[in-house]
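Data block below; observations after.
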Amino acid sequence: MAAIEELQLLNHVLNVKDWGVVEGAGITENYFQIHKDAFEFIKFFIRINGQLPTIETVMNKFNTFELVDLENIDHVIKSLKEDFLYRQFKPILVSASEAFANKETTAAIQQLQMEAQRFLKSIGSSSQGYSYVKNAQVRLEAYNRIHGRAEDEFIGMTTGFKPLDLATNGIESLEGAVDYFLVFAPTNMGKTLISSFMMGAAWNSSLATDYPAYFSLEQRASEIALNWDNTLAKISRLALTRGTLSGEKRDAYAEFVDRLKQKKKDMMIYDFDSNGGKPFTLDDIHRILEREGHNRWTLDQLSKVRLSHRSAGDLRQRLFEVSAGVREIILNTGKPAMVVAQANRDALKKIKKDITENVDATDIGEAFSIVQDASKGISIVKVSDNTFRILVIKNRNNISGQSFLVRYDFDTGIVSVLDDYIGEQYF
């Protein structure tokens, strides 16, 4: 406990009449355990009177405040900072050691790694900023790596929809571009259907190293898996549920499963059961991504995630914090994510009144910050039993507003983009 250093610092600034020593060192009231009241009194006195009080004034105000001999001021400041860091980091070590004592070694290491990174970031020790001039050559070399691409090529992983790939450059995870890809719509508009298809389509056509995670916070893992069987094996989703596949289709399904078992890459689905029946927190998701080595992930859906700490705010504030936390995970890990969120009730009323209406960024619901956090985003409107209109509502560094129709054949599992002619004819 740095009680003597607290007195020494306050004695110093009152003697030399220079509060800048405190501000320049970044010292706040949080660094004081014993003489915090005296610190706050001096700070308030300066704000009201425009000058420091005398030592006698402070001593008359606080019985515990006294004159002390000053050591080297740099040493005093260093001691206060070290004591503050010790008090802040100790709970992290205690928590990790408890996990280690329970023979949860991997969890302890991951917790320590995550919390240490967060701690260093909170005290400003993670970096010194980005130099525009010094990194100019790096930016040129990054461009040269993609120079010469055709207009119809894209850099990221496919979304499964060519018009969306061309508009957004796919789902990116390159240096300087790690996507928070928002997928949102009113209730019962096909958010899970479309997002699970997008994830499966990328997995089915991407590199062998692709190992995505799907956090299903509404549906069971087996239901998401059947969605993938439907589109990847090209068999009826309804027949899979009811056991009414024809003999020929059943054999085709068995052949698909045999081929699937030969694949060296996998997709993992995490639902409530895999989390012990408990809601997922931001830390739960972060730990799973790091522990399992996933390179990208889908979150379905945002409103079901819980904060790692208790929020004192309302739903709007909680969604604001969760969305910001998701974005932080994406940036810290470099793992892009598709994030499913629900539009508000007014959006649903608008569509029911006129099916040609679009759902845009203003319909996001309780927290517009979700759209602000996203790098790219689409909205979904179900215009018929098997036809969906997809609108690009956010496309950072590029244009938005593009829309296209998607037809989803539940009997065959075929997903197709309708061309302009069919689109115009449909409407």
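By convention here, the chains of the structure tokens are called A, B, ... in the order presented, each chain's residues are numbered starting at 1, and ligands are numbered starting at 1 in the order presented.
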
Find the residues near Leu182 in chain A: any atom within 8 Å, counting only C-alpha atoms, skip ones fewer than 4 places away on the same chain, and give them as a list in words.
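So, after excluding close chain neighbours, the residues are Met338, Val339, Val340, Ala341, Val371, Ala374, Ser375, Lys376, Gly377 and Ile378 of chain A.
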
Looking only at the backbone, which of the residues in range 235-322 of chain A does DSSP tag as strand (DSSP E or B), as a VMD selection string?
chain A and resid 268 to 270 281 296 to 300 306

Once you have the residues from the selection above, write them out as a compact mmCIF listing (two decimals), in the first residue's frame, restricted to N, CA and C atoms.
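Just written: part04.txt:
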# COMPACT_ATOMS: atom_id res chain seq x y z
N MET A 268 -17.99 -26.05 -36.66
CA MET A 268 -18.48 -26.34 -35.32
C MET A 268 -19.66 -25.44 -34.99
N ILE A 269 -20.66 -26.03 -34.35
CA ILE A 269 -21.85 -25.29 -33.92
C ILE A 269 -21.89 -25.29 -32.40
N TYR A 270 -22.05 -24.14 -31.82
CA TYR A 270 -22.12 -24.00 -30.37
C TYR A 270 -23.51 -23.47 -30.01
N THR A 281 -21.61 -15.57 -22.83
CA THR A 281 -21.11 -14.23 -22.58
C THR A 281 -20.07 -13.91 -23.64
N ARG A 296 -12.99 -17.92 -38.41
CA ARG A 296 -14.11 -16.99 -38.59
C ARG A 296 -15.31 -17.54 -37.82
N TRP A 297 -16.35 -16.71 -37.68
CA TRP A 297 -17.48 -17.17 -36.88
C TRP A 297 -18.76 -16.43 -37.25
N THR A 298 -19.87 -17.09 -36.91
CA THR A 298 -21.20 -16.49 -37.08
C THR A 298 -21.89 -16.46 -35.73
N LEU A 299 -22.55 -15.34 -35.44
CA LEU A 299 -23.27 -15.17 -34.17
C LEU A 299 -24.75 -14.98 -34.47
N ASP A 300 -25.57 -15.92 -34.03
CA ASP A 300 -27.02 -15.88 -34.25
C ASP A 300 -27.74 -16.12 -32.91
N ARG A 306 -24.78 -12.32 -23.53
CA ARG A 306 -24.74 -11.63 -22.26
C ARG A 306 -23.38 -10.97 -22.07

Within 9 Å of Val392 in chain A using only C-alpha atoms, minus same-chain residues under 2 positions, as a ChimeraX atom specification:
/A:164,167-168,360,376-379,390,394-395,399-403

May I have the residues from that selection written out with all heavy atoms, as a CSV table (one decimal), in the first residue's frame?
chain,number,residue,atom,x,y,z
A,164,LEU,N,-23.6,-10.1,-54.1
A,164,LEU,CA,-23.2,-9.6,-52.8
A,164,LEU,C,-21.7,-9.6,-52.7
A,164,LEU,O,-21.1,-8.7,-52.1
A,164,LEU,CB,-23.8,-10.4,-51.6
A,164,LEU,CG,-23.6,-10.0,-50.2
A,164,LEU,CD1,-24.1,-8.5,-50.0
A,164,LEU,CD2,-24.3,-10.9,-49.2
A,167,ALA,N,-20.4,-6.7,-54.6
A,167,ALA,CA,-20.7,-5.4,-54.0
A,167,ALA,C,-19.8,-5.2,-52.8
A,167,ALA,O,-19.3,-4.1,-52.5
A,167,ALA,CB,-22.2,-5.3,-53.6
A,168,THR,N,-19.5,-6.2,-52.0
A,168,THR,CA,-18.9,-6.1,-50.7
A,168,THR,C,-17.4,-6.6,-50.7
A,168,THR,O,-16.8,-6.4,-49.7
A,168,THR,CB,-19.7,-6.8,-49.6
A,168,THR,OG1,-19.7,-8.2,-49.9
A,168,THR,CG2,-21.1,-6.3,-49.5
A,360,ASP,N,-34.1,-0.9,-43.8
A,360,ASP,CA,-32.8,-0.2,-43.9
A,360,ASP,C,-32.2,0.0,-42.5
A,360,ASP,O,-32.7,-0.5,-41.5
A,360,ASP,CB,-32.9,1.1,-44.6
A,360,ASP,CG,-33.9,2.1,-43.9
A,360,ASP,OD1,-34.0,2.0,-42.7
A,360,ASP,OD2,-34.6,2.8,-44.7
A,376,LYS,N,-19.8,-4.1,-42.8
A,376,LYS,CA,-20.7,-4.3,-43.9
A,376,LYS,C,-22.0,-4.9,-43.3
A,376,LYS,O,-22.0,-5.4,-42.2
A,376,LYS,CB,-20.1,-5.4,-44.9
A,376,LYS,CG,-18.8,-5.0,-45.5
A,376,LYS,CD,-18.1,-6.1,-46.2
A,376,LYS,CE,-16.7,-5.7,-46.7
A,376,LYS,NZ,-16.0,-6.8,-47.3
A,377,GLY,N,-23.1,-4.7,-44.1
A,377,GLY,CA,-24.4,-5.2,-43.6
A,377,GLY,C,-25.4,-5.4,-44.6
A,377,GLY,O,-25.4,-4.7,-45.6
A,378,ILE,N,-26.3,-6.4,-44.4
A,378,ILE,CA,-27.4,-6.6,-45.3
A,378,ILE,C,-28.7,-6.7,-44.5
A,378,ILE,O,-28.7,-7.1,-43.4
A,378,ILE,CB,-27.2,-7.9,-46.2
A,378,ILE,CG1,-27.1,-9.1,-45.3
A,378,ILE,CG2,-26.0,-7.7,-47.1
A,378,ILE,CD1,-27.1,-10.4,-46.0
A,379,SER,N,-29.8,-6.4,-45.2
A,379,SER,CA,-31.1,-6.7,-44.6
A,379,SER,C,-31.8,-7.7,-45.4
A,379,SER,O,-31.5,-7.8,-46.6
A,379,SER,CB,-31.9,-5.4,-44.4
A,379,SER,OG,-32.3,-4.9,-45.7
A,390,ILE,N,-32.6,-9.2,-50.7
A,390,ILE,CA,-31.4,-8.8,-49.9
A,390,ILE,C,-30.9,-7.5,-50.3
A,390,ILE,O,-30.8,-7.2,-51.5
A,390,ILE,CB,-30.3,-9.9,-50.0
A,390,ILE,CG1,-30.7,-11.2,-49.5
A,390,ILE,CG2,-29.0,-9.4,-49.4
A,390,ILE,CD1,-29.7,-12.3,-49.6
A,394,LYS,N,-25.0,-1.5,-45.5
A,394,LYS,CA,-23.7,-0.9,-45.0
A,394,LYS,C,-22.6,-1.5,-45.8
A,394,LYS,O,-22.5,-2.7,-46.0
A,394,LYS,CB,-23.6,-1.2,-43.5
A,394,LYS,CG,-22.2,-0.7,-42.9
A,394,LYS,CD,-22.3,0.8,-42.6
A,394,LYS,CE,-21.0,1.3,-41.9
A,394,LYS,NZ,-21.0,0.9,-40.5
A,395,ASN,N,-21.7,-0.7,-46.3
A,395,ASN,CA,-20.6,-1.2,-47.1
A,395,ASN,C,-19.4,-0.2,-47.0
A,395,ASN,O,-19.2,0.6,-47.8
A,395,ASN,CB,-21.0,-1.3,-48.6
A,395,ASN,CG,-20.1,-2.2,-49.4
A,395,ASN,OD1,-19.2,-2.9,-48.9
A,395,ASN,ND2,-20.4,-2.2,-50.7
A,399,ILE,N,-19.9,1.7,-52.1
A,399,ILE,CA,-21.3,2.1,-52.2
A,399,ILE,C,-22.2,1.0,-51.6
A,399,ILE,O,-21.8,-0.1,-51.5
A,399,ILE,CB,-21.6,2.3,-53.6
A,399,ILE,CG1,-21.4,1.1,-54.5
A,399,ILE,CG2,-20.8,3.5,-54.2
A,399,ILE,CD1,-22.0,1.2,-55.9
A,400,SER,N,-23.4,1.5,-51.2
A,400,SER,CA,-24.4,0.5,-50.6
A,400,SER,C,-25.7,0.8,-51.4
A,400,SER,O,-25.7,1.7,-52.3
A,400,SER,CB,-24.6,0.7,-49.1
A,400,SER,OG,-25.0,2.1,-48.8
A,401,GLY,N,-26.7,0.1,-51.1
A,401,GLY,CA,-28.0,0.2,-51.7
A,401,GLY,C,-28.3,-0.8,-52.8
A,401,GLY,O,-29.4,-0.8,-53.3
A,402,GLN,N,-27.3,-1.7,-53.1
A,402,GLN,CA,-27.6,-2.7,-54.1
A,402,GLN,C,-28.6,-3.7,-53.5
A,402,GLN,O,-28.5,-4.1,-52.3
A,402,GLN,CB,-26.3,-3.4,-54.5
A,402,GLN,CG,-25.2,-2.5,-54.9
A,402,GLN,CD,-24.2,-2.1,-53.8
A,402,GLN,OE1,-24.7,-1.9,-52.7
A,402,GLN,NE2,-23.0,-2.0,-54.1
A,403,SER,N,-29.5,-4.3,-54.4
A,403,SER,CA,-30.4,-5.3,-53.9
A,403,SER,C,-30.5,-6.4,-54.9
A,403,SER,O,-30.3,-6.1,-56.1
A,403,SER,CB,-31.8,-4.6,-53.6
A,403,SER,OG,-32.4,-4.1,-54.7

Please tabulate, as CSV, the residues of range 361-427 of chain A that come within 12 Å of range 213-229 of chain A, each with its closest pair of atoms and the distance in Å to one decimal, counting only C-alpha atoms and ordering rows by chain, then residue number upward.
residue,atom,partner,partner_atom,distance
A:Tyr408,CA,A:Asn227,CA,11.6
A:Phe410,CA,A:Asn227,CA,9.6
A:Asp411,CA,A:Asn227,CA,11.9
A:Thr412,CA,A:Asp229,CA,10.7
A:Gly413,CA,A:Asp229,CA,8.3
A:Ile414,CA,A:Asp229,CA,11.3
A:Val415,CA,A:Trp228,CA,11.8

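CA of Gly200 in chain A sits 7.8 Å away from CA of Leu232 in chain A.
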
Enter the distance from CA of Ser416 in chain A to CA of Tyr253 in chain A, in Å, rounded to one decimal.
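A separation of 21.0 Å between them.
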
Could you pull out the alpha helix (DSSP H) residues of range 287-396 of chain A from DSSP and send them as number ranges by chain?
A: 287-292, 315-333, 345-353, 369-373

Export of the given selection (N, CA and C atoms) as a CSV table (one decimal), in the first residue's frame:
chain,number,residue,atom,x,y,z
A,287,ARG,N,-13.1,-17.0,-25.6
A,287,ARG,CA,-12.3,-18.2,-25.2
A,287,ARG,C,-12.5,-19.3,-26.2
A,288,ILE,N,-13.7,-19.6,-26.6
A,288,ILE,CA,-13.9,-20.7,-27.6
A,288,ILE,C,-13.2,-20.4,-28.9
A,289,LEU,N,-13.2,-19.2,-29.4
A,289,LEU,CA,-12.5,-18.9,-30.6
A,289,LEU,C,-11.0,-19.1,-30.5
A,290,GLU,N,-10.5,-18.7,-29.4
A,290,GLU,CA,-9.0,-18.8,-29.2
A,290,GLU,C,-8.6,-20.3,-28.9
A,291,ARG,N,-9.4,-20.9,-28.1
A,291,ARG,CA,-9.1,-22.3,-27.7
A,291,ARG,C,-9.2,-23.3,-28.9
A,292,GLU,N,-10.2,-23.1,-29.7
A,292,GLU,CA,-10.5,-24.1,-30.8
A,292,GLU,C,-9.7,-23.7,-32.1
A,315,LEU,N,-32.0,-2.1,-22.1
A,315,LEU,CA,-31.8,-2.9,-23.3
A,315,LEU,C,-30.9,-2.2,-24.3
A,316,ARG,N,-31.2,-0.9,-24.6
A,316,ARG,CA,-30.4,-0.2,-25.6
A,316,ARG,C,-28.9,-0.1,-25.2
A,317,GLN,N,-28.7,0.1,-23.9
A,317,GLN,CA,-27.3,0.2,-23.4
A,317,GLN,C,-26.6,-1.2,-23.5
A,318,ARG,N,-27.4,-2.2,-23.1
A,318,ARG,CA,-26.8,-3.6,-23.2
A,318,ARG,C,-26.4,-4.0,-24.6
A,319,LEU,N,-27.3,-3.7,-25.6
A,319,LEU,CA,-27.0,-4.0,-26.9
A,319,LEU,C,-25.8,-3.2,-27.4
A,320,PHE,N,-25.8,-2.0,-27.0
A,320,PHE,CA,-24.6,-1.1,-27.4
A,320,PHE,C,-23.3,-1.7,-26.9
A,321,GLU,N,-23.3,-2.2,-25.6
A,321,GLU,CA,-22.1,-2.8,-25.1
A,321,GLU,C,-21.8,-4.1,-25.7
A,322,VAL,N,-22.8,-5.0,-25.9
A,322,VAL,CA,-22.6,-6.3,-26.6
A,322,VAL,C,-22.0,-6.1,-28.0
A,323,SER,N,-22.6,-5.2,-28.8
A,323,SER,CA,-22.1,-5.0,-30.1
A,323,SER,C,-20.7,-4.5,-30.1
A,324,ALA,N,-20.4,-3.5,-29.2
A,324,ALA,CA,-19.0,-3.0,-29.1
A,324,ALA,C,-18.0,-4.2,-28.7
A,325,GLY,N,-18.5,-5.0,-27.8
A,325,GLY,CA,-17.7,-6.2,-27.4
A,325,GLY,C,-17.4,-7.2,-28.5
A,326,VAL,N,-18.4,-7.4,-29.3
A,326,VAL,CA,-18.3,-8.3,-30.5
A,326,VAL,C,-17.2,-7.7,-31.4
A,327,ARG,N,-17.4,-6.4,-31.7
A,327,ARG,CA,-16.4,-5.7,-32.6
A,327,ARG,C,-15.0,-5.8,-32.0
A,328,GLU,N,-14.9,-5.7,-30.7
A,328,GLU,CA,-13.6,-5.8,-30.0
A,328,GLU,C,-13.0,-7.2,-30.2
A,329,ILE,N,-13.8,-8.2,-30.1
A,329,ILE,CA,-13.3,-9.6,-30.3
A,329,ILE,C,-12.8,-9.7,-31.7
A,330,ILE,N,-13.6,-9.2,-32.7
A,330,ILE,CA,-13.2,-9.3,-34.1
A,330,ILE,C,-11.9,-8.7,-34.4
A,331,LEU,N,-11.7,-7.5,-33.8
A,331,LEU,CA,-10.5,-6.7,-34.1
A,331,LEU,C,-9.3,-7.3,-33.3
A,332,ASN,N,-9.5,-7.8,-32.1
A,332,ASN,CA,-8.4,-8.3,-31.3
A,332,ASN,C,-7.9,-9.7,-31.8
A,333,THR,N,-8.8,-10.5,-32.3
A,333,THR,CA,-8.5,-11.8,-32.8
A,333,THR,C,-8.2,-11.9,-34.3
A,345,ARG,N,-40.1,-3.7,-34.5
A,345,ARG,CA,-41.5,-4.1,-34.9
A,345,ARG,C,-42.0,-3.2,-36.0
A,346,ASP,N,-41.6,-1.9,-36.0
A,346,ASP,CA,-42.1,-1.0,-37.0
A,346,ASP,C,-41.7,-1.5,-38.4
A,347,ALA,N,-40.5,-2.1,-38.5
A,347,ALA,CA,-40.0,-2.6,-39.8
A,347,ALA,C,-40.9,-3.7,-40.2
A,348,LEU,N,-41.3,-4.6,-39.3
A,348,LEU,CA,-42.2,-5.7,-39.7
A,348,LEU,C,-43.6,-5.2,-40.1
A,349,LYS,N,-44.1,-4.2,-39.4
A,349,LYS,CA,-45.4,-3.6,-39.8
A,349,LYS,C,-45.3,-3.0,-41.2
A,350,LYS,N,-44.2,-2.3,-41.5
A,350,LYS,CA,-44.0,-1.6,-42.8
A,350,LYS,C,-44.0,-2.7,-43.9
A,351,ILE,N,-43.3,-3.8,-43.7
A,351,ILE,CA,-43.2,-4.8,-44.7
A,351,ILE,C,-44.6,-5.5,-45.0
A,352,LYS,N,-45.3,-5.8,-43.9
A,352,LYS,CA,-46.6,-6.4,-44.0
A,352,LYS,C,-47.6,-5.5,-44.7
A,353,LYS,N,-47.4,-4.2,-44.6
A,353,LYS,CA,-48.3,-3.3,-45.3
A,353,LYS,C,-47.9,-3.2,-46.7
A,369,SER,N,-26.2,1.8,-32.9
A,369,SER,CA,-24.8,1.6,-32.8
A,369,SER,C,-24.3,0.3,-33.4
A,370,ILE,N,-25.2,-0.7,-33.5
A,370,ILE,CA,-24.9,-2.0,-34.1
A,370,ILE,C,-24.5,-1.8,-35.6
A,371,VAL,N,-25.3,-0.9,-36.3
A,371,VAL,CA,-25.0,-0.6,-37.7
A,371,VAL,C,-23.6,0.2,-37.8
A,372,GLN,N,-23.4,1.1,-36.8
A,372,GLN,CA,-22.2,1.8,-36.8
A,372,GLN,C,-21.0,0.9,-36.5
A,373,ASP,N,-21.1,-0.1,-35.7
A,373,ASP,CA,-20.0,-1.1,-35.4
A,373,ASP,C,-19.7,-1.9,-36.6

Excluding same-chain residues fewer than 6 positions from Asp251 in chain A, what lies within 12 Å of it counting only C-alpha atoms, as a list of chain:residue names?
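In the requested format, the answer is A:Ala233, A:Ile235, A:Leu245, A:Val257, A:Asp258.
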
So which residues touch Ile34 in chain A within 10 Å, counting only C-alpha atoms, skipping near sequence neighbours fewer than 3 positions away, as a count of residues only?
12

Fewer than 5 positions away in the same chain doesn't count, so skip those; otherwise give me all residues within 12 Å of Thr209 in chain A, counting only C-alpha atoms, as a PDB file with N, CA and C atoms, in the first residue's frame.
ATOM      1  N   ALA A 202     -19.425 -20.578 -47.949  1.00  0.00           N
ATOM      2  CA  ALA A 202     -18.007 -20.208 -47.883  1.00  0.00           C
ATOM      3  C   ALA A 202     -17.152 -21.418 -47.511  1.00  0.00           C
ATOM      4  N   TRP A 203     -17.605 -22.187 -46.554  1.00  0.00           N
ATOM      5  CA  TRP A 203     -16.866 -23.376 -46.110  1.00  0.00           C
ATOM      6  C   TRP A 203     -16.719 -24.387 -47.238  1.00  0.00           C
ATOM      7  N   ASN A 204     -17.772 -24.543 -48.035  1.00  0.00           N
ATOM      8  CA  ASN A 204     -17.785 -25.544 -49.092  1.00  0.00           C
ATOM      9  C   ASN A 204     -16.904 -25.159 -50.284  1.00  0.00           C
ATOM     10  N   LYS A 263     -13.749 -35.402 -45.327  1.00  0.00           N
ATOM     11  CA  LYS A 263     -13.188 -34.051 -45.302  1.00  0.00           C
ATOM     12  C   LYS A 263     -12.281 -33.865 -44.093  1.00  0.00           C
ATOM     13  N   LYS A 264     -11.187 -33.155 -44.308  1.00  0.00           N
ATOM     14  CA  LYS A 264     -10.249 -32.895 -43.224  1.00  0.00           C
ATOM     15  C   LYS A 264     -10.621 -31.639 -42.449  1.00  0.00           C
ATOM     16  N   LYS A 265     -11.438 -30.774 -43.049  1.00  0.00           N
ATOM     17  CA  LYS A 265     -11.869 -29.572 -42.347  1.00  0.00           C
ATOM     18  C   LYS A 265     -13.277 -29.773 -41.806  1.00  0.00           C
ATOM     19  N   ASP A 266     -13.657 -28.936 -40.860  1.00  0.00           N
ATOM     20  CA  ASP A 266     -14.938 -29.115 -40.172  1.00  0.00           C
ATOM     21  C   ASP A 266     -15.568 -27.753 -39.896  1.00  0.00           C
ATOM     22  N   MET A 267     -16.823 -27.754 -39.509  1.00  0.00           N
ATOM     23  CA  MET A 267     -17.520 -26.584 -38.981  1.00  0.00           C
ATOM     24  C   MET A 267     -18.067 -26.968 -37.614  1.00  0.00           C
ATOM     25  N   GLY A 293      -9.273 -22.451 -32.159  1.00  0.00           N
ATOM     26  CA  GLY A 293      -8.537 -22.040 -33.346  1.00  0.00           C
ATOM     27  C   GLY A 293      -9.389 -21.741 -34.562  1.00  0.00           C
ATOM     28  N   HIS A 294     -10.633 -21.323 -34.339  1.00  0.00           N
ATOM     29  CA  HIS A 294     -11.497 -20.972 -35.471  1.00  0.00           C
ATOM     30  C   HIS A 294     -10.965 -19.739 -36.186  1.00  0.00           C
ATOM     31  N   ASN A 295     -11.131 -19.717 -37.516  1.00  0.00           N
ATOM     32  CA  ASN A 295     -10.629 -18.574 -38.281  1.00  0.00           C
ATOM     33  C   ASN A 295     -11.722 -17.556 -38.600  1.00  0.00           C
ATOM     34  N   ARG A 296     -12.992 -17.916 -38.408  1.00  0.00           N
ATOM     35  CA  ARG A 296     -14.109 -16.985 -38.585  1.00  0.00           C
ATOM     36  C   ARG A 296     -15.309 -17.536 -37.823  1.00  0.00           C
TER      37      ARG A 296
END

Using only C-alpha atoms, which residues sit within 9 Å of Ile73 in chain A once same-chain residues fewer than 2 positions away are excluded, as a ChimeraX atom specification?
/A:8-9,12,70-71,75-78
